[in-house]
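Okay, structure first, notes after.
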Amino acid sequence: MGRFSFWNLLKEFVSMLNESRKLFLKNKKLMFSVFVFFLLLNGLLYLFNVLTITPEITNFTQDLNLLSTMDPSSPEYMAQLMKVFADFRLFVVSSDIFNVVSFILNVVSVIVIVHASALTYKHENVKFKDFVVLILKSWKGPLVTSFYISLFSLGYCLFFLIILFPIILSSLSIASLFSLVAKIFALLVLFILFASYLAIVWYLSMVISVLEESYGIQALGEAAKIVKGMKPKLFLLNIFYVLLIFGLAQIVTLVSLVVDRSQSFAVTLSIGLVLVVSAFMGVFLLMTYTVAYFQCKSPQGQEARDVESLRDVEYTTLPTTSLIGALP
């Protein structure tokens, strides 16, 4: 019975992916433009990281290593120390700028992808000017909701670190190194699985913030309400996405280790391919959540929520004597 249910879940998951694939093919021009736009934004962020933050990290590391070889009582040591502080301050400023720009561009990308997916799903055609106006009108909701999601994500990460810290302290000896690695790995897997489960409501709340007037906590509550019956499929989608991104990251790491540093073109090419594939998967993920939103809002989605609500109902056995006593 369990195997049969999982097979049905797998078929429903594949069917949902197929719906998203059809959505991309319904309006190839619009969806391809959205993909190029999303890829361009990610490419600009990557270039900013490579051209600005990476050199600053390199300079900071080199200056810090040089500082460790100098005499602390010499005047050159104090000058080098101030240079290290300056490098670190510059790195922090650049990182803050990168995080803010990345946050804003991510919100803009979500708005563009969700609106394009929704228009294609509803078979609506709009002019480019009207599409831009539609995006400008709906910036506030996703921005607020994304801010709340960022806070929840930060809190979840801090919770993970709070649990991880005592485990590390209790396994500091070399003899328990294998046990420490095993515990951290198991905890990390649980962390990713539960984060993938939480992301169901987070992603869907972003779609709601774009297509409806609710945002923030209200959008998160609405997403948790309408997603009943769709959670297993969307959970599989998130796990599939995480595994794919993890696999792509391993490819880049492997190429960086195997290929000689002088052959940097191979590393750049692999990073470029990974960037293209990850950008397409990001677009496809939001398209799938947009499709899931409309399915949740459909009568079939309402029936699925009613069925799941009935599962939560607890039946109480009434005493027979009380029923007999109530008879006239």
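Residue names in the structure tokens use chain letters A, B, ... in the order shown, residue numbers from 1 in each chain, and ligand numbers from 1 in the order shown.
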
Each residue of segment 105-174 of chain A lying at most 12 Å from segment 282-286 of chain A should get a row with its shortest atom-to-atom pair and the distance in Å to one decimal, counting only C-alpha atoms; could you produce that, ordered by chain and increasing number, as a tab-separated table?
```
residue	atom	partner	partner_atom	distance
A:Asn106	CA	A:Gly282	CA	10.6
A:Val107	CA	A:Leu286	CA	11.9
A:Ser109	CA	A:Val283	CA	8.8
A:Val110	CA	A:Leu286	CA	7.3
A:Ile111	CA	A:Leu286	CA	9.9
A:Val112	CA	A:Val283	CA	9.9
A:Ile113	CA	A:Val283	CA	6.6
A:Val114	CA	A:Leu286	CA	6.5
A:His115	CA	A:Leu286	CA	10.3
A:Ala116	CA	A:Leu286	CA	10.4
A:Ser117	CA	A:Leu286	CA	8.3
A:Ala118	CA	A:Leu286	CA	10.5
```

Any chance you could export the current selection's all heavy atoms as a PDB file, in the first residue's frame?
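The new file result-v8.pdb reads:
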```pdb
ATOM      1  N   ASN A 106      16.841  39.601  -6.673  1.00  0.00           N
ATOM      2  CA  ASN A 106      16.097  38.360  -6.484  1.00  0.00           C
ATOM      3  C   ASN A 106      14.596  38.619  -6.438  1.00  0.00           C
ATOM      4  O   ASN A 106      13.803  37.874  -7.045  1.00  0.00           O
ATOM      5  CB  ASN A 106      16.554  37.668  -5.200  1.00  0.00           C
ATOM      6  CG  ASN A 106      15.802  36.380  -4.940  1.00  0.00           C
ATOM      7  OD1 ASN A 106      15.901  35.423  -5.698  1.00  0.00           O
ATOM      8  ND2 ASN A 106      15.062  36.348  -3.850  1.00  0.00           N
ATOM      9  N   VAL A 107      14.196  39.679  -5.742  1.00  0.00           N
ATOM     10  CA  VAL A 107      12.771  40.036  -5.679  1.00  0.00           C
ATOM     11  C   VAL A 107      12.250  40.423  -7.066  1.00  0.00           C
ATOM     12  O   VAL A 107      11.154  40.008  -7.472  1.00  0.00           O
ATOM     13  CB  VAL A 107      12.550  41.184  -4.668  1.00  0.00           C
ATOM     14  CG1 VAL A 107      11.107  41.685  -4.726  1.00  0.00           C
ATOM     15  CG2 VAL A 107      12.887  40.732  -3.260  1.00  0.00           C
ATOM     16  N   SER A 109      13.416  39.448  -9.930  1.00  0.00           N
ATOM     17  CA  SER A 109      13.360  38.224 -10.736  1.00  0.00           C
ATOM     18  C   SER A 109      12.105  37.424 -10.431  1.00  0.00           C
ATOM     19  O   SER A 109      11.443  36.915 -11.348  1.00  0.00           O
ATOM     20  CB  SER A 109      14.601  37.371 -10.477  1.00  0.00           C
ATOM     21  OG  SER A 109      15.781  38.060 -10.798  1.00  0.00           O
ATOM     22  N   VAL A 110      11.765  37.302  -9.155  1.00  0.00           N
ATOM     23  CA  VAL A 110      10.559  36.565  -8.764  1.00  0.00           C
ATOM     24  C   VAL A 110       9.313  37.218  -9.351  1.00  0.00           C
ATOM     25  O   VAL A 110       8.429  36.529  -9.893  1.00  0.00           O
ATOM     26  CB  VAL A 110      10.459  36.483  -7.228  1.00  0.00           C
ATOM     27  CG1 VAL A 110       9.104  35.938  -6.805  1.00  0.00           C
ATOM     28  CG2 VAL A 110      11.569  35.613  -6.659  1.00  0.00           C
ATOM     29  N   ILE A 111       9.233  38.535  -9.275  1.00  0.00           N
ATOM     30  CA  ILE A 111       8.071  39.258  -9.803  1.00  0.00           C
ATOM     31  C   ILE A 111       7.929  39.016 -11.305  1.00  0.00           C
ATOM     32  O   ILE A 111       6.835  38.716 -11.807  1.00  0.00           O
ATOM     33  CB  ILE A 111       8.190  40.769  -9.513  1.00  0.00           C
ATOM     34  CG1 ILE A 111       8.173  41.017  -8.006  1.00  0.00           C
ATOM     35  CG2 ILE A 111       7.052  41.537 -10.172  1.00  0.00           C
ATOM     36  CD1 ILE A 111       8.469  42.462  -7.630  1.00  0.00           C
ATOM     37  N   VAL A 112       9.035  39.128 -12.032  1.00  0.00           N
ATOM     38  CA  VAL A 112       8.998  38.954 -13.492  1.00  0.00           C
ATOM     39  C   VAL A 112       8.608  37.531 -13.862  1.00  0.00           C
ATOM     40  O   VAL A 112       7.733  37.314 -14.717  1.00  0.00           O
ATOM     41  CB  VAL A 112      10.375  39.316 -14.095  1.00  0.00           C
ATOM     42  CG1 VAL A 112      10.413  38.958 -15.577  1.00  0.00           C
ATOM     43  CG2 VAL A 112      10.660  40.804 -13.920  1.00  0.00           C
ATOM     44  N   ILE A 113       9.225  36.541 -13.224  1.00  0.00           N
ATOM     45  CA  ILE A 113       8.964  35.140 -13.556  1.00  0.00           C
ATOM     46  C   ILE A 113       7.533  34.743 -13.225  1.00  0.00           C
ATOM     47  O   ILE A 113       6.844  34.099 -14.028  1.00  0.00           O
ATOM     48  CB  ILE A 113       9.963  34.224 -12.835  1.00  0.00           C
ATOM     49  CG1 ILE A 113      11.386  34.492 -13.332  1.00  0.00           C
ATOM     50  CG2 ILE A 113       9.609  32.756 -13.041  1.00  0.00           C
ATOM     51  CD1 ILE A 113      12.458  33.817 -12.500  1.00  0.00           C
ATOM     52  N   VAL A 114       7.055  35.134 -12.050  1.00  0.00           N
ATOM     53  CA  VAL A 114       5.705  34.750 -11.627  1.00  0.00           C
ATOM     54  C   VAL A 114       4.655  35.414 -12.508  1.00  0.00           C
ATOM     55  O   VAL A 114       3.682  34.770 -12.933  1.00  0.00           O
ATOM     56  CB  VAL A 114       5.489  35.102 -10.144  1.00  0.00           C
ATOM     57  CG1 VAL A 114       4.023  34.914  -9.752  1.00  0.00           C
ATOM     58  CG2 VAL A 114       6.383  34.252  -9.260  1.00  0.00           C
ATOM     59  N   HIS A 115       4.802  36.692 -12.812  1.00  0.00           N
ATOM     60  CA  HIS A 115       3.837  37.374 -13.680  1.00  0.00           C
ATOM     61  C   HIS A 115       3.826  36.758 -15.078  1.00  0.00           C
ATOM     62  O   HIS A 115       2.752  36.536 -15.659  1.00  0.00           O
ATOM     63  CB  HIS A 115       4.162  38.866 -13.771  1.00  0.00           C
ATOM     64  CG  HIS A 115       3.505  39.691 -12.720  1.00  0.00           C
ATOM     65  ND1 HIS A 115       2.147  39.621 -12.441  1.00  0.00           N
ATOM     66  CD2 HIS A 115       4.011  40.632 -11.860  1.00  0.00           C
ATOM     67  CE1 HIS A 115       1.852  40.457 -11.468  1.00  0.00           C
ATOM     68  NE2 HIS A 115       2.964  41.084 -11.096  1.00  0.00           N
ATOM     69  N   ALA A 116       4.999  36.482 -15.617  1.00  0.00           N
ATOM     70  CA  ALA A 116       5.068  35.871 -16.948  1.00  0.00           C
ATOM     71  C   ALA A 116       4.430  34.483 -16.941  1.00  0.00           C
ATOM     72  O   ALA A 116       3.684  34.124 -17.874  1.00  0.00           O
ATOM     73  CB  ALA A 116       6.525  35.786 -17.407  1.00  0.00           C
ATOM     74  N   SER A 117       4.680  33.711 -15.891  1.00  0.00           N
ATOM     75  CA  SER A 117       4.095  32.369 -15.787  1.00  0.00           C
ATOM     76  C   SER A 117       2.586  32.436 -15.628  1.00  0.00           C
ATOM     77  O   SER A 117       1.841  31.647 -16.238  1.00  0.00           O
ATOM     78  CB  SER A 117       4.715  31.621 -14.605  1.00  0.00           C
ATOM     79  OG  SER A 117       6.118  31.542 -14.731  1.00  0.00           O
ATOM     80  N   ALA A 118       2.098  33.379 -14.819  1.00  0.00           N
ATOM     81  CA  ALA A 118       0.661  33.515 -14.597  1.00  0.00           C
ATOM     82  C   ALA A 118      -0.059  33.958 -15.872  1.00  0.00           C
ATOM     83  O   ALA A 118      -1.135  33.433 -16.204  1.00  0.00           O
ATOM     84  CB  ALA A 118       0.398  34.511 -13.469  1.00  0.00           C
TER      85      ALA A 118
END
```

Would you list the contacts of Phe91 of chain A as a PDB file with N, CA, C and O atoms, in the first residue's frame, taking every protein, DNA or RNA residue within 9 Å and counting only C-alpha atoms, but skipping same-chain residues closer than 4 positions in sequence?
```
ATOM      1  N   THR A  52      35.113  42.036  -7.567  1.00  0.00           N
ATOM      2  CA  THR A  52      35.194  42.899  -6.382  1.00  0.00           C
ATOM      3  C   THR A  52      35.508  42.123  -5.107  1.00  0.00           C
ATOM      4  O   THR A  52      36.519  42.358  -4.445  1.00  0.00           O
ATOM      5  N   ILE A  53      34.642  41.189  -4.757  1.00  0.00           N
ATOM      6  CA  ILE A  53      34.766  40.525  -3.462  1.00  0.00           C
ATOM      7  C   ILE A  53      35.921  39.528  -3.439  1.00  0.00           C
ATOM      8  O   ILE A  53      36.694  39.477  -2.464  1.00  0.00           O
ATOM      9  N   GLU A  56      39.278  41.155  -2.955  1.00  0.00           N
ATOM     10  CA  GLU A  56      39.394  41.686  -1.596  1.00  0.00           C
ATOM     11  C   GLU A  56      39.701  40.573  -0.592  1.00  0.00           C
ATOM     12  O   GLU A  56      40.476  40.776   0.353  1.00  0.00           O
ATOM     13  N   ILE A  57      39.091  39.411  -0.799  1.00  0.00           N
ATOM     14  CA  ILE A  57      39.400  38.266   0.073  1.00  0.00           C
ATOM     15  C   ILE A  57      40.861  37.843  -0.101  1.00  0.00           C
ATOM     16  O   ILE A  57      41.561  37.534   0.883  1.00  0.00           O
ATOM     17  N   PHE A  60      43.100  40.435   1.616  1.00  0.00           N
ATOM     18  CA  PHE A  60      42.983  40.309   3.066  1.00  0.00           C
ATOM     19  C   PHE A  60      43.763  39.100   3.573  1.00  0.00           C
ATOM     20  O   PHE A  60      44.482  39.169   4.585  1.00  0.00           O
ATOM     21  N   ALA A  86      41.846  47.707   7.305  1.00  0.00           N
ATOM     22  CA  ALA A  86      41.276  48.408   6.152  1.00  0.00           C
ATOM     23  C   ALA A  86      40.755  47.419   5.115  1.00  0.00           C
ATOM     24  O   ALA A  86      39.682  47.619   4.530  1.00  0.00           O
ATOM     25  N   ASP A  87      41.509  46.335   4.888  1.00  0.00           N
ATOM     26  CA  ASP A  87      41.053  45.300   3.947  1.00  0.00           C
ATOM     27  C   ASP A  87      39.756  44.650   4.424  1.00  0.00           C
ATOM     28  O   ASP A  87      38.842  44.411   3.632  1.00  0.00           O
ATOM     29  N   SER A  95      30.593  43.304   0.763  1.00  0.00           N
ATOM     30  CA  SER A  95      29.669  42.191   1.014  1.00  0.00           C
ATOM     31  C   SER A  95      28.268  42.698   1.313  1.00  0.00           C
ATOM     32  O   SER A  95      27.273  42.113   0.842  1.00  0.00           O
ATOM     33  N   ASP A  96      28.173  43.781   2.086  1.00  0.00           N
ATOM     34  CA  ASP A  96      26.859  44.365   2.384  1.00  0.00           C
ATOM     35  C   ASP A  96      26.187  44.876   1.107  1.00  0.00           C
ATOM     36  O   ASP A  96      24.984  44.665   0.897  1.00  0.00           O
TER      37      ASP A  96
END
```

If you count only C-alpha atoms, which residues fall within 9 Å of Leu81 of chain A, apart from same-chain ones fewer than 6 positions away, as a ChimeraX atom specification? /A:63-64,67

Could you go through segment 61-176 of chain A and tell me which residues DSSP, when run on the backbone, assigns to helix (DSSP H, G or I), listing them as a PyMOL selection string? chain A and resi 61-68+75-121+128-137+140-169+174-176

So that I can see what lies close to Phe32 of chain A, please list as an NGL selection string the residues with an atom at most 12 Å from it, counting only C-alpha atoms and leaving out residues fewer than 4 positions away in the same chain. :A and (23-28 or 36-39 or 113 or 116-117 or 279-280 or 283-284)

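Proximity to Val100 of chain A was assessed for A:Gln80, A:Met16, A:Thr120, A:Leu45 counting only C-alpha atoms; the smallest distance is recorded for A:Leu45.
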
Neighbouring residues of segment 149-160 of chain A were defined as those with any atom within 8 Å, considering only C-alpha atoms; residues of the same chain fewer than 3 positions away were excluded. Please report them as a PyMOL selection string. chain A and resi 145-146+163-164+191+202

Any chance you could export the current selection's C-alpha atoms as a CSV table (one decimal), in the first residue's frame?
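Contents of result26.csv, as written:
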```
chain,number,residue,atom,x,y,z
A,145,THR,CA,7.4,38.9,2.1
A,146,SER,CA,11.0,38.3,1.0
A,163,ILE,CA,22.2,22.7,18.1
A,164,LEU,CA,25.5,22.1,16.3
A,191,PHE,CA,18.6,20.6,8.3
A,202,TRP,CA,8.0,30.4,1.5
```
